[in-house]
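Listing of data.cif; format and content: mmCIF, N, CA and C atoms.
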data_final
loop_
_atom_site.label_atom_id
_atom_site.label_comp_id
_atom_site.auth_asym_id
_atom_site.auth_seq_id
_atom_site.Cartn_x
_atom_site.Cartn_y
_atom_site.Cartn_z
N MET X 275 -71.28 -185.57 -11.92
CA MET X 275 -70.70 -185.60 -13.24
C MET X 275 -70.42 -184.18 -13.69
N ALA X 276 -69.24 -183.93 -14.17
CA ALA X 276 -68.83 -182.60 -14.63
C ALA X 276 -69.47 -182.29 -15.98
N LYS X 277 -69.86 -181.06 -16.13
CA LYS X 277 -70.43 -180.58 -17.40
C LYS X 277 -69.35 -179.82 -18.16
N ILE X 278 -69.39 -179.92 -19.44
CA ILE X 278 -68.48 -179.18 -20.31
C ILE X 278 -69.24 -177.97 -20.84
N ILE X 279 -68.61 -176.79 -20.70
CA ILE X 279 -69.23 -175.56 -21.20
C ILE X 279 -68.26 -174.87 -22.15
N SER X 280 -68.78 -173.96 -22.93
CA SER X 280 -67.96 -173.18 -23.85
C SER X 280 -67.90 -171.75 -23.33
N VAL X 281 -66.70 -171.18 -23.30
CA VAL X 281 -66.51 -169.82 -22.80
C VAL X 281 -65.66 -169.06 -23.80
N SER X 282 -66.09 -167.84 -24.13
CA SER X 282 -65.30 -166.98 -25.00
C SER X 282 -64.43 -166.08 -24.14
N LEU X 283 -63.14 -166.05 -24.43
CA LEU X 283 -62.19 -165.22 -23.69
C LEU X 283 -61.34 -164.44 -24.67
N SER X 284 -60.97 -163.23 -24.26
CA SER X 284 -60.07 -162.45 -25.10
C SER X 284 -58.69 -163.10 -25.08
N GLU X 285 -57.90 -162.79 -26.06
CA GLU X 285 -56.54 -163.32 -26.14
C GLU X 285 -55.73 -162.91 -24.92
N LYS X 286 -55.90 -161.67 -24.49
CA LYS X 286 -55.18 -161.15 -23.32
C LYS X 286 -55.55 -161.92 -22.06
N LEU X 287 -56.84 -162.17 -21.85
CA LEU X 287 -57.29 -162.90 -20.67
C LEU X 287 -56.78 -164.35 -20.71
N LEU X 288 -56.79 -164.94 -21.86
CA LEU X 288 -56.28 -166.30 -22.01
C LEU X 288 -54.79 -166.37 -21.67
N GLU X 289 -54.04 -165.37 -22.12
CA GLU X 289 -52.61 -165.31 -21.79
C GLU X 289 -52.40 -165.17 -20.28
N GLU X 290 -53.25 -164.35 -19.65
CA GLU X 290 -53.14 -164.16 -18.20
C GLU X 290 -53.49 -165.46 -17.46
N ILE X 291 -54.47 -166.19 -17.94
CA ILE X 291 -54.82 -167.48 -17.34
C ILE X 291 -53.65 -168.46 -17.48
N ASP X 292 -53.05 -168.50 -18.65
CA ASP X 292 -51.90 -169.38 -18.86
C ASP X 292 -50.73 -169.01 -17.96
N GLN X 293 -50.50 -167.71 -17.79
CA GLN X 293 -49.42 -167.25 -16.92
C GLN X 293 -49.71 -167.63 -15.47
N LEU X 294 -50.94 -167.44 -15.04
CA LEU X 294 -51.34 -167.82 -13.69
C LEU X 294 -51.19 -169.32 -13.48
N LYS X 295 -51.58 -170.08 -14.47
CA LYS X 295 -51.46 -171.54 -14.40
C LYS X 295 -50.00 -171.93 -14.19
N ASP X 296 -49.12 -171.33 -14.96
CA ASP X 296 -47.70 -171.66 -14.87
C ASP X 296 -47.10 -171.22 -13.53
N GLU X 297 -47.49 -170.05 -13.06
CA GLU X 297 -46.93 -169.51 -11.83
C GLU X 297 -47.43 -170.22 -10.58
N THR X 298 -48.65 -170.72 -10.62
CA THR X 298 -49.24 -171.30 -9.40
C THR X 298 -49.27 -172.82 -9.40
N GLY X 299 -48.95 -173.43 -10.52
CA GLY X 299 -48.88 -174.89 -10.56
C GLY X 299 -50.19 -175.59 -10.87
N PHE X 300 -51.19 -174.86 -11.34
CA PHE X 300 -52.42 -175.53 -11.78
C PHE X 300 -52.08 -176.43 -12.96
N SER X 301 -52.81 -177.53 -13.08
CA SER X 301 -52.49 -178.48 -14.14
C SER X 301 -53.04 -178.07 -15.50
N GLY X 302 -54.02 -177.16 -15.51
CA GLY X 302 -54.57 -176.73 -16.79
C GLY X 302 -55.46 -175.51 -16.63
N ARG X 303 -55.90 -174.99 -17.74
CA ARG X 303 -56.77 -173.81 -17.74
C ARG X 303 -58.08 -174.07 -17.00
N SER X 304 -58.62 -175.26 -17.16
CA SER X 304 -59.88 -175.59 -16.49
C SER X 304 -59.74 -175.48 -14.97
N ASP X 305 -58.60 -175.92 -14.43
CA ASP X 305 -58.37 -175.82 -12.99
C ASP X 305 -58.33 -174.36 -12.54
N VAL X 306 -57.70 -173.51 -13.33
CA VAL X 306 -57.65 -172.08 -13.00
C VAL X 306 -59.05 -171.50 -12.99
N ILE X 307 -59.83 -171.82 -14.00
CA ILE X 307 -61.19 -171.29 -14.10
C ILE X 307 -62.08 -171.84 -12.99
N ARG X 308 -61.95 -173.11 -12.64
CA ARG X 308 -62.73 -173.68 -11.54
C ARG X 308 -62.38 -173.00 -10.21
N ALA X 309 -61.08 -172.84 -9.95
CA ALA X 309 -60.65 -172.19 -8.70
C ALA X 309 -61.13 -170.74 -8.66
N SER X 310 -61.03 -170.05 -9.77
CA SER X 310 -61.49 -168.66 -9.83
C SER X 310 -62.99 -168.56 -9.58
N THR X 311 -63.74 -169.47 -10.15
CA THR X 311 -65.19 -169.48 -9.97
C THR X 311 -65.55 -169.74 -8.51
N ARG X 312 -64.86 -170.70 -7.88
CA ARG X 312 -65.11 -170.98 -6.47
C ARG X 312 -64.81 -169.76 -5.60
N MET X 313 -63.72 -169.06 -5.91
CA MET X 313 -63.37 -167.86 -5.15
C MET X 313 -64.42 -166.76 -5.33
N LEU X 314 -64.91 -166.59 -6.54
CA LEU X 314 -65.92 -165.58 -6.81
C LEU X 314 -67.22 -165.91 -6.07
N ILE X 315 -67.60 -167.17 -6.06
CA ILE X 315 -68.81 -167.59 -5.36
C ILE X 315 -68.66 -167.39 -3.85
N ALA X 316 -67.51 -167.74 -3.29
CA ALA X 316 -67.27 -167.55 -1.85
C ALA X 316 -67.29 -166.07 -1.50
N ASP X 317 -66.71 -165.24 -2.34
CA ASP X 317 -66.70 -163.80 -2.11
C ASP X 317 -68.11 -163.23 -2.15
N ALA X 318 -68.90 -163.67 -3.12
CA ALA X 318 -70.29 -163.20 -3.24
C ALA X 318 -71.10 -163.64 -2.03
N GLN X 319 -70.88 -164.86 -1.56
CA GLN X 319 -71.59 -165.37 -0.39
C GLN X 319 -71.24 -164.55 0.86
N GLU X 320 -69.96 -164.22 0.99
CA GLU X 320 -69.52 -163.41 2.13
C GLU X 320 -70.21 -162.04 2.12
N LYS X 321 -70.28 -161.42 0.96
CA LYS X 321 -70.92 -160.11 0.84
C LYS X 321 -72.42 -160.21 1.09
N LYS X 322 -73.01 -161.30 0.66
CA LYS X 322 -74.45 -161.51 0.84
C LYS X 322 -74.83 -161.56 2.32
N ASN X 323 -73.91 -162.04 3.15
CA ASN X 323 -74.18 -162.20 4.57
C ASN X 323 -73.92 -160.93 5.39
N LEU X 324 -73.38 -159.88 4.76
CA LEU X 324 -73.12 -158.63 5.48
C LEU X 324 -74.44 -157.94 5.81
N GLU X 325 -74.50 -157.38 7.01
CA GLU X 325 -75.71 -156.64 7.38
C GLU X 325 -75.38 -155.60 8.43
N GLY X 326 -76.26 -154.62 8.54
CA GLY X 326 -76.09 -153.58 9.54
C GLY X 326 -75.10 -152.51 9.13
N ASN X 327 -74.63 -151.79 10.12
CA ASN X 327 -73.68 -150.71 9.92
C ASN X 327 -72.26 -151.29 9.98
N ILE X 328 -71.51 -151.16 8.90
CA ILE X 328 -70.16 -151.75 8.84
C ILE X 328 -69.16 -150.73 8.31
N ASN X 329 -67.89 -151.07 8.43
CA ASN X 329 -66.80 -150.31 7.83
C ASN X 329 -66.17 -151.17 6.76
N SER X 330 -65.74 -150.54 5.68
CA SER X 330 -65.12 -151.31 4.61
C SER X 330 -64.21 -150.41 3.77
N ILE X 331 -63.45 -151.08 2.93
CA ILE X 331 -62.59 -150.42 1.96
C ILE X 331 -62.95 -151.01 0.59
N LEU X 332 -63.17 -150.16 -0.38
CA LEU X 332 -63.46 -150.59 -1.74
C LEU X 332 -62.30 -150.16 -2.62
N ILE X 333 -61.73 -151.11 -3.35
CA ILE X 333 -60.59 -150.84 -4.22
C ILE X 333 -61.03 -151.02 -5.67
N LEU X 334 -60.72 -150.04 -6.50
CA LEU X 334 -61.01 -150.10 -7.94
C LEU X 334 -59.75 -149.83 -8.72
N ILE X 335 -59.62 -150.49 -9.87
CA ILE X 335 -58.61 -150.13 -10.87
C ILE X 335 -59.35 -149.98 -12.19
N HIS X 336 -59.08 -148.87 -12.86
CA HIS X 336 -59.77 -148.60 -14.12
C HIS X 336 -58.89 -147.77 -15.03
N ASN X 337 -59.26 -147.76 -16.28
CA ASN X 337 -58.58 -146.92 -17.25
C ASN X 337 -58.96 -145.47 -16.96
N GLN X 338 -57.99 -144.58 -17.09
CA GLN X 338 -58.22 -143.17 -16.78
C GLN X 338 -59.38 -142.57 -17.58
N LYS X 339 -59.59 -143.04 -18.79
CA LYS X 339 -60.64 -142.48 -19.62
C LYS X 339 -62.05 -142.78 -19.08
N TYR X 340 -62.16 -143.68 -18.09
CA TYR X 340 -63.45 -144.02 -17.50
C TYR X 340 -63.69 -143.33 -16.16
N GLU X 341 -62.92 -142.33 -15.86
CA GLU X 341 -63.06 -141.60 -14.59
C GLU X 341 -64.47 -141.03 -14.43
N ASP X 342 -65.06 -140.58 -15.52
CA ASP X 342 -66.42 -140.02 -15.45
C ASP X 342 -67.43 -141.06 -14.96
N LYS X 343 -67.28 -142.30 -15.37
CA LYS X 343 -68.20 -143.37 -14.95
C LYS X 343 -68.07 -143.61 -13.45
N VAL X 344 -66.84 -143.61 -12.94
CA VAL X 344 -66.61 -143.79 -11.50
C VAL X 344 -67.28 -142.66 -10.73
N THR X 345 -67.08 -141.44 -11.20
CA THR X 345 -67.67 -140.27 -10.54
C THR X 345 -69.19 -140.33 -10.58
N GLU X 346 -69.74 -140.72 -11.71
CA GLU X 346 -71.20 -140.83 -11.85
C GLU X 346 -71.78 -141.81 -10.84
N ILE X 347 -71.15 -142.96 -10.69
CA ILE X 347 -71.66 -143.98 -9.76
C ILE X 347 -71.47 -143.54 -8.31
N LYS X 348 -70.30 -143.03 -7.97
CA LYS X 348 -70.00 -142.73 -6.57
C LYS X 348 -70.87 -141.62 -6.00
N HIS X 349 -71.33 -140.69 -6.83
CA HIS X 349 -72.14 -139.58 -6.32
C HIS X 349 -73.42 -140.04 -5.64
N ASP X 350 -73.95 -141.16 -6.05
CA ASP X 350 -75.17 -141.68 -5.42
C ASP X 350 -74.91 -142.38 -4.09
N PHE X 351 -73.63 -142.46 -3.69
CA PHE X 351 -73.28 -143.19 -2.48
C PHE X 351 -72.43 -142.35 -1.51
N GLU X 352 -72.56 -141.05 -1.61
CA GLU X 352 -71.76 -140.17 -0.75
C GLU X 352 -72.16 -140.31 0.72
N ASP X 353 -73.33 -140.88 0.99
CA ASP X 353 -73.76 -141.11 2.37
C ASP X 353 -72.92 -142.17 3.07
N ILE X 354 -72.26 -143.06 2.32
CA ILE X 354 -71.45 -144.10 2.95
C ILE X 354 -69.96 -143.93 2.68
N ILE X 355 -69.59 -143.10 1.71
CA ILE X 355 -68.17 -142.89 1.38
C ILE X 355 -67.62 -141.80 2.29
N GLU X 356 -66.69 -142.18 3.17
CA GLU X 356 -66.06 -141.24 4.09
C GLU X 356 -64.87 -140.54 3.42
N THR X 357 -64.07 -141.31 2.69
CA THR X 357 -62.86 -140.80 2.07
C THR X 357 -62.64 -141.49 0.74
N GLN X 358 -62.15 -140.75 -0.24
CA GLN X 358 -61.76 -141.33 -1.52
C GLN X 358 -60.34 -140.89 -1.83
N ILE X 359 -59.52 -141.85 -2.21
CA ILE X 359 -58.15 -141.57 -2.63
C ILE X 359 -58.02 -142.01 -4.07
N HIS X 360 -57.52 -141.11 -4.91
CA HIS X 360 -57.34 -141.39 -6.34
C HIS X 360 -55.85 -141.29 -6.64
N SER X 361 -55.34 -142.28 -7.35
CA SER X 361 -53.91 -142.27 -7.69
C SER X 361 -53.70 -142.84 -9.09
N HIS X 362 -52.80 -142.23 -9.83
CA HIS X 362 -52.40 -142.76 -11.14
C HIS X 362 -51.29 -143.77 -10.87
N ILE X 363 -51.52 -145.02 -11.24
CA ILE X 363 -50.56 -146.07 -10.88
C ILE X 363 -49.60 -146.45 -12.01
N LYS X 364 -50.03 -146.33 -13.24
CA LYS X 364 -49.14 -146.57 -14.37
C LYS X 364 -49.84 -146.15 -15.65
N GLU X 365 -49.09 -145.65 -16.56
CA GLU X 365 -49.60 -145.22 -17.86
C GLU X 365 -50.98 -144.60 -17.74
N ASP X 366 -52.00 -145.29 -18.17
CA ASP X 366 -53.35 -144.73 -18.17
C ASP X 366 -54.26 -145.41 -17.15
N LYS X 367 -53.69 -146.02 -16.12
CA LYS X 367 -54.46 -146.73 -15.09
C LYS X 367 -54.61 -145.87 -13.83
N CYS X 368 -55.79 -145.97 -13.22
CA CYS X 368 -56.07 -145.26 -11.97
C CYS X 368 -56.45 -146.26 -10.89
N LEU X 369 -56.05 -145.94 -9.68
CA LEU X 369 -56.43 -146.69 -8.50
C LEU X 369 -57.35 -145.79 -7.68
N GLU X 370 -58.50 -146.33 -7.31
CA GLU X 370 -59.44 -145.62 -6.44
C GLU X 370 -59.55 -146.41 -5.15
N LEU X 371 -59.48 -145.72 -4.04
CA LEU X 371 -59.64 -146.34 -2.74
C LEU X 371 -60.74 -145.58 -2.01
N PHE X 372 -61.82 -146.28 -1.69
CA PHE X 372 -62.94 -145.69 -0.97
C PHE X 372 -62.95 -146.27 0.44
N ILE X 373 -62.90 -145.40 1.44
CA ILE X 373 -63.06 -145.82 2.83
C ILE X 373 -64.50 -145.51 3.19
N MET X 374 -65.22 -146.54 3.62
CA MET X 374 -66.67 -146.38 3.79
C MET X 374 -67.14 -146.80 5.17
N GLU X 375 -68.23 -146.17 5.58
CA GLU X 375 -68.92 -146.54 6.81
C GLU X 375 -70.41 -146.36 6.57
N GLY X 376 -71.17 -147.37 6.97
CA GLY X 376 -72.60 -147.25 6.80
C GLY X 376 -73.27 -148.59 6.55
N ASP X 377 -74.40 -148.52 5.90
CA ASP X 377 -75.25 -149.67 5.68
C ASP X 377 -74.62 -150.69 4.72
N ALA X 378 -74.57 -151.93 5.17
CA ALA X 378 -73.97 -153.01 4.38
C ALA X 378 -74.67 -153.19 3.04
N ASP X 379 -75.99 -153.03 3.01
CA ASP X 379 -76.73 -153.17 1.75
C ASP X 379 -76.28 -152.13 0.74
N ARG X 380 -76.07 -150.90 1.19
CA ARG X 380 -75.62 -149.82 0.29
C ARG X 380 -74.23 -150.15 -0.27
N MET X 381 -73.35 -150.69 0.56
CA MET X 381 -72.01 -151.05 0.10
C MET X 381 -72.07 -152.18 -0.91
N ARG X 382 -72.95 -153.12 -0.65
CA ARG X 382 -73.12 -154.25 -1.58
C ARG X 382 -73.62 -153.74 -2.93
N ILE X 383 -74.56 -152.82 -2.91
CA ILE X 383 -75.10 -152.26 -4.16
C ILE X 383 -74.01 -151.48 -4.92
N LEU X 384 -73.25 -150.66 -4.20
CA LEU X 384 -72.17 -149.90 -4.83
C LEU X 384 -71.14 -150.83 -5.46
N THR X 385 -70.74 -151.85 -4.73
CA THR X 385 -69.77 -152.82 -5.24
C THR X 385 -70.29 -153.50 -6.50
N LYS X 386 -71.54 -153.91 -6.46
CA LYS X 386 -72.14 -154.59 -7.61
C LYS X 386 -72.19 -153.67 -8.83
N MET X 387 -72.49 -152.40 -8.60
CA MET X 387 -72.54 -151.46 -9.73
C MET X 387 -71.17 -151.35 -10.40
N PHE X 388 -70.11 -151.29 -9.60
CA PHE X 388 -68.77 -151.23 -10.19
C PHE X 388 -68.40 -152.55 -10.85
N GLN X 389 -68.78 -153.67 -10.24
CA GLN X 389 -68.44 -154.98 -10.80
C GLN X 389 -69.12 -155.22 -12.14
N THR X 390 -70.33 -154.73 -12.29
CA THR X 390 -71.08 -154.99 -13.52
C THR X 390 -70.81 -153.94 -14.60
N THR X 391 -70.01 -152.93 -14.27
CA THR X 391 -69.59 -151.94 -15.26
C THR X 391 -68.36 -152.48 -15.95
N LYS X 392 -68.45 -152.77 -17.19
CA LYS X 392 -67.33 -153.38 -17.92
C LYS X 392 -66.12 -152.46 -18.01
N LYS X 393 -66.29 -151.22 -17.60
CA LYS X 393 -65.20 -150.25 -17.69
C LYS X 393 -64.25 -150.31 -16.50
N ILE X 394 -64.61 -151.05 -15.47
CA ILE X 394 -63.78 -151.17 -14.28
C ILE X 394 -63.05 -152.52 -14.35
N GLU X 395 -61.73 -152.48 -14.28
CA GLU X 395 -60.93 -153.70 -14.44
C GLU X 395 -60.85 -154.56 -13.18
N TYR X 396 -60.87 -153.91 -12.02
CA TYR X 396 -60.70 -154.64 -10.76
C TYR X 396 -61.58 -153.99 -9.70
N VAL X 397 -62.31 -154.81 -8.97
CA VAL X 397 -63.17 -154.33 -7.89
C VAL X 397 -62.99 -155.29 -6.72
N ARG X 398 -62.70 -154.73 -5.54
CA ARG X 398 -62.54 -155.58 -4.35
C ARG X 398 -63.06 -154.86 -3.14
N LEU X 399 -64.04 -155.46 -2.47
CA LEU X 399 -64.57 -154.91 -1.23
C LEU X 399 -63.97 -155.69 -0.08
N ILE X 400 -63.38 -154.96 0.86
CA ILE X 400 -62.79 -155.57 2.04
C ILE X 400 -63.54 -155.02 3.24
N THR X 401 -64.15 -155.89 4.01
CA THR X 401 -64.88 -155.45 5.20
C THR X 401 -63.98 -155.51 6.41
N ILE X 402 -64.24 -154.60 7.31
CA ILE X 402 -63.40 -154.49 8.51
C ILE X 402 -64.23 -154.86 9.72
#

Would it be possible to restate this file's structure as structure tokens?
Amino acid sequence: MAKIISVSLSEKLLEEIDQLKDETGFSGRSDVIRASTRMLIADAQEKKNLEGNINSILILIHNQKYEDKVTEIKHDFEDIIETQIHSHIKEDKCLELFIMEGDADRMRILTKMFQTTKKIEYVRLITI
């Protein structure tokens, strides 16, 4: 039996959900949110199963004014960050690309730190 929950969303996020619904053919907002939740859970499960020495790419998008927060977090992980590429992509947005090699647990921790920082708009870890 499905449970009904209440979720608070910003107007901007709601507009983006509606746009995604229209573009992808979902029948309603609930379907978009269910699919998104399933994807997030699958992604978290995949990361949970990583172990040992791996290679990966971490992608971040953030507002330029939060560059200090990115720098603060990344300094504790220089042992696994091989290369960082920083690019201004539009107006006040920055793209960060981290090429990493090392312990999977350290990469998982770094990714989680960026994901739980409300100042980072997009975080994606891709393992190789």

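One finds atom C of X:Ser310 at 15.7 Å from atom N of X:Lys277.
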
Considering only C-alpha atoms, can you say which of X:Thr357, X:Lys339, X:Leu334, X:Leu384 comes closest to X:Tyr396?
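Among the listed residues, the smallest separation from X:Tyr396 belongs to X:Leu334.
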
Step one, run DSSP on the backbone; step two, keep only residues of stretch 310-354 of chain X assigned to helix (DSSP H, G or I); then write them as a ChimeraX atom specification.
/X:310-322,338-351

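Nearest residue to X:Tyr340 among X:Ile307, X:Ile394, X:Ile402, X:Ile383 is X:Ile394, counting only N, CA and C atoms.
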
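Remark: for X:Arg380, the closest of the candidate residues X:Ile354, X:Leu399, X:Ile347, X:Ala318 is X:Ile354 (distances computed over only C-alpha atoms).
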
As lines of an AutoDock Vina configuration file, please: the centre and edge lengths in Å, to one decimal, of an axis-aligned box enclosing every listed atom of stretch 372-386 of chain X with 6 Å added on each side.
center_x = -69.3
center_y = -150.0
center_z = -0.9
size_x = 26.9
size_y = 21.2
size_z = 27.8

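Rounded to one decimal, atom N of X:Gln338 and atom N of X:Gln358 lie 17.8 Å from each other.
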
Interatomic distance between atom N of X:Glu297 and atom CA of X:Thr390?
28.0 Å

List the residues selected by the PyMOL selection byres ((chain X and resi 333) around 6) in the file shown, writing them as a count of residues only.
12

Considering only strand (DSSP E or B) as DSSP defines it on the backbone, what residues of chain X qualify? List them as a PyMOL selection string.
chain X and resi 327-337+355-364+367-377+394-401

Nearest to X:Asp353 among X:Ile278, X:Ile291, X:Val306, X:Met374, with distances taken over only C-alpha atoms: which residue is it?
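Between X:Ile278, X:Ile291, X:Val306, X:Met374, the residue approaching X:Asp353 most closely is X:Met374.
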
Select, from X:Thr345, X:Gln319, X:Thr391, X:Asn337, the residue with the minimum atom-to-atom distance to X:Cys368, counting all atoms listed in the file.
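Of X:Thr345, X:Gln319, X:Thr391, X:Asn337, the one nearest X:Cys368, counting all atoms listed in the file, is X:Asn337.
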
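Among X:Phe388, X:Ile363, X:Ser330, X:His336, the residue with the shortest atom-to-atom distance to X:Gly376, counting only C-alpha atoms, is X:Ser330.
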
Missing atoms in stretch 375-392 of chain X: fill them in up to N, CA, C and O atoms and send the result as a PDB file, keeping the file's coordinate frame.
ATOM      1  N   GLU X 375     -68.230-146.170   5.580  1.00  0.00           N
ATOM      2  CA  GLU X 375     -68.920-146.540   6.810  1.00  0.00           C
ATOM      3  C   GLU X 375     -70.410-146.360   6.570  1.00  0.00           C
ATOM      4  O   GLU X 375     -70.836-145.352   6.011  1.00  0.00           O
ATOM      5  N   GLY X 376     -71.170-147.370   6.970  1.00  0.00           N
ATOM      6  CA  GLY X 376     -72.600-147.250   6.800  1.00  0.00           C
ATOM      7  C   GLY X 376     -73.270-148.590   6.550  1.00  0.00           C
ATOM      8  O   GLY X 376     -72.750-149.644   6.916  1.00  0.00           O
ATOM      9  N   ASP X 377     -74.400-148.520   5.900  1.00  0.00           N
ATOM     10  CA  ASP X 377     -75.250-149.670   5.680  1.00  0.00           C
ATOM     11  C   ASP X 377     -74.620-150.690   4.720  1.00  0.00           C
ATOM     12  O   ASP X 377     -74.207-150.349   3.611  1.00  0.00           O
ATOM     13  N   ALA X 378     -74.570-151.930   5.170  1.00  0.00           N
ATOM     14  CA  ALA X 378     -73.970-153.010   4.380  1.00  0.00           C
ATOM     15  C   ALA X 378     -74.670-153.190   3.040  1.00  0.00           C
ATOM     16  O   ALA X 378     -74.014-153.454   2.024  1.00  0.00           O
ATOM     17  N   ASP X 379     -75.990-153.030   3.010  1.00  0.00           N
ATOM     18  CA  ASP X 379     -76.730-153.170   1.750  1.00  0.00           C
ATOM     19  C   ASP X 379     -76.280-152.130   0.740  1.00  0.00           C
ATOM     20  O   ASP X 379     -76.130-152.423  -0.445  1.00  0.00           O
ATOM     21  N   ARG X 380     -76.070-150.900   1.190  1.00  0.00           N
ATOM     22  CA  ARG X 380     -75.620-149.820   0.290  1.00  0.00           C
ATOM     23  C   ARG X 380     -74.230-150.150  -0.270  1.00  0.00           C
ATOM     24  O   ARG X 380     -73.959-149.933  -1.443  1.00  0.00           O
ATOM     25  N   MET X 381     -73.350-150.690   0.560  1.00  0.00           N
ATOM     26  CA  MET X 381     -72.010-151.050   0.100  1.00  0.00           C
ATOM     27  C   MET X 381     -72.070-152.180  -0.910  1.00  0.00           C
ATOM     28  O   MET X 381     -71.327-152.187  -1.886  1.00  0.00           O
ATOM     29  N   ARG X 382     -72.950-153.120  -0.650  1.00  0.00           N
ATOM     30  CA  ARG X 382     -73.120-154.250  -1.580  1.00  0.00           C
ATOM     31  C   ARG X 382     -73.620-153.740  -2.930  1.00  0.00           C
ATOM     32  O   ARG X 382     -73.129-154.163  -3.978  1.00  0.00           O
ATOM     33  N   ILE X 383     -74.560-152.820  -2.910  1.00  0.00           N
ATOM     34  CA  ILE X 383     -75.100-152.260  -4.160  1.00  0.00           C
ATOM     35  C   ILE X 383     -74.010-151.480  -4.920  1.00  0.00           C
ATOM     36  O   ILE X 383     -73.847-151.649  -6.131  1.00  0.00           O
ATOM     37  N   LEU X 384     -73.250-150.660  -4.200  1.00  0.00           N
ATOM     38  CA  LEU X 384     -72.170-149.900  -4.830  1.00  0.00           C
ATOM     39  C   LEU X 384     -71.140-150.830  -5.460  1.00  0.00           C
ATOM     40  O   LEU X 384     -70.741-150.644  -6.616  1.00  0.00           O
ATOM     41  N   THR X 385     -70.740-151.850  -4.730  1.00  0.00           N
ATOM     42  CA  THR X 385     -69.770-152.820  -5.240  1.00  0.00           C
ATOM     43  C   THR X 385     -70.290-153.500  -6.500  1.00  0.00           C
ATOM     44  O   THR X 385     -69.578-153.625  -7.496  1.00  0.00           O
ATOM     45  N   LYS X 386     -71.540-153.910  -6.460  1.00  0.00           N
ATOM     46  CA  LYS X 386     -72.140-154.590  -7.610  1.00  0.00           C
ATOM     47  C   LYS X 386     -72.190-153.670  -8.830  1.00  0.00           C
ATOM     48  O   LYS X 386     -71.933-154.109  -9.959  1.00  0.00           O
ATOM     49  N   MET X 387     -72.490-152.400  -8.600  1.00  0.00           N
ATOM     50  CA  MET X 387     -72.540-151.460  -9.730  1.00  0.00           C
ATOM     51  C   MET X 387     -71.170-151.350 -10.400  1.00  0.00           C
ATOM     52  O   MET X 387     -71.083-151.342 -11.630  1.00  0.00           O
ATOM     53  N   PHE X 388     -70.110-151.290  -9.600  1.00  0.00           N
ATOM     54  CA  PHE X 388     -68.770-151.230 -10.190  1.00  0.00           C
ATOM     55  C   PHE X 388     -68.400-152.550 -10.850  1.00  0.00           C
ATOM     56  O   PHE X 388     -67.780-152.571 -11.915  1.00  0.00           O
ATOM     57  N   GLN X 389     -68.780-153.670 -10.240  1.00  0.00           N
ATOM     58  CA  GLN X 389     -68.440-154.980 -10.800  1.00  0.00           C
ATOM     59  C   GLN X 389     -69.120-155.220 -12.140  1.00  0.00           C
ATOM     60  O   GLN X 389     -68.571-155.874 -13.012  1.00  0.00           O
ATOM     61  N   THR X 390     -70.330-154.730 -12.290  1.00  0.00           N
ATOM     62  CA  THR X 390     -71.080-154.990 -13.520  1.00  0.00           C
ATOM     63  C   THR X 390     -70.810-153.940 -14.600  1.00  0.00           C
ATOM     64  O   THR X 390     -71.315-154.075 -15.713  1.00  0.00           O
ATOM     65  N   THR X 391     -70.010-152.930 -14.270  1.00  0.00           N
ATOM     66  CA  THR X 391     -69.590-151.940 -15.260  1.00  0.00           C
ATOM     67  C   THR X 391     -68.360-152.480 -15.950  1.00  0.00           C
ATOM     68  O   THR X 391     -67.318-152.644 -15.335  1.00  0.00           O
ATOM     69  N   LYS X 392     -68.450-152.770 -17.190  1.00  0.00           N
ATOM     70  CA  LYS X 392     -67.330-153.380 -17.920  1.00  0.00           C
ATOM     71  C   LYS X 392     -66.120-152.460 -18.010  1.00  0.00           C
ATOM     72  O   LYS X 392     -65.047-152.877 -18.406  1.00  0.00           O
TER      73      LYS X 392
END
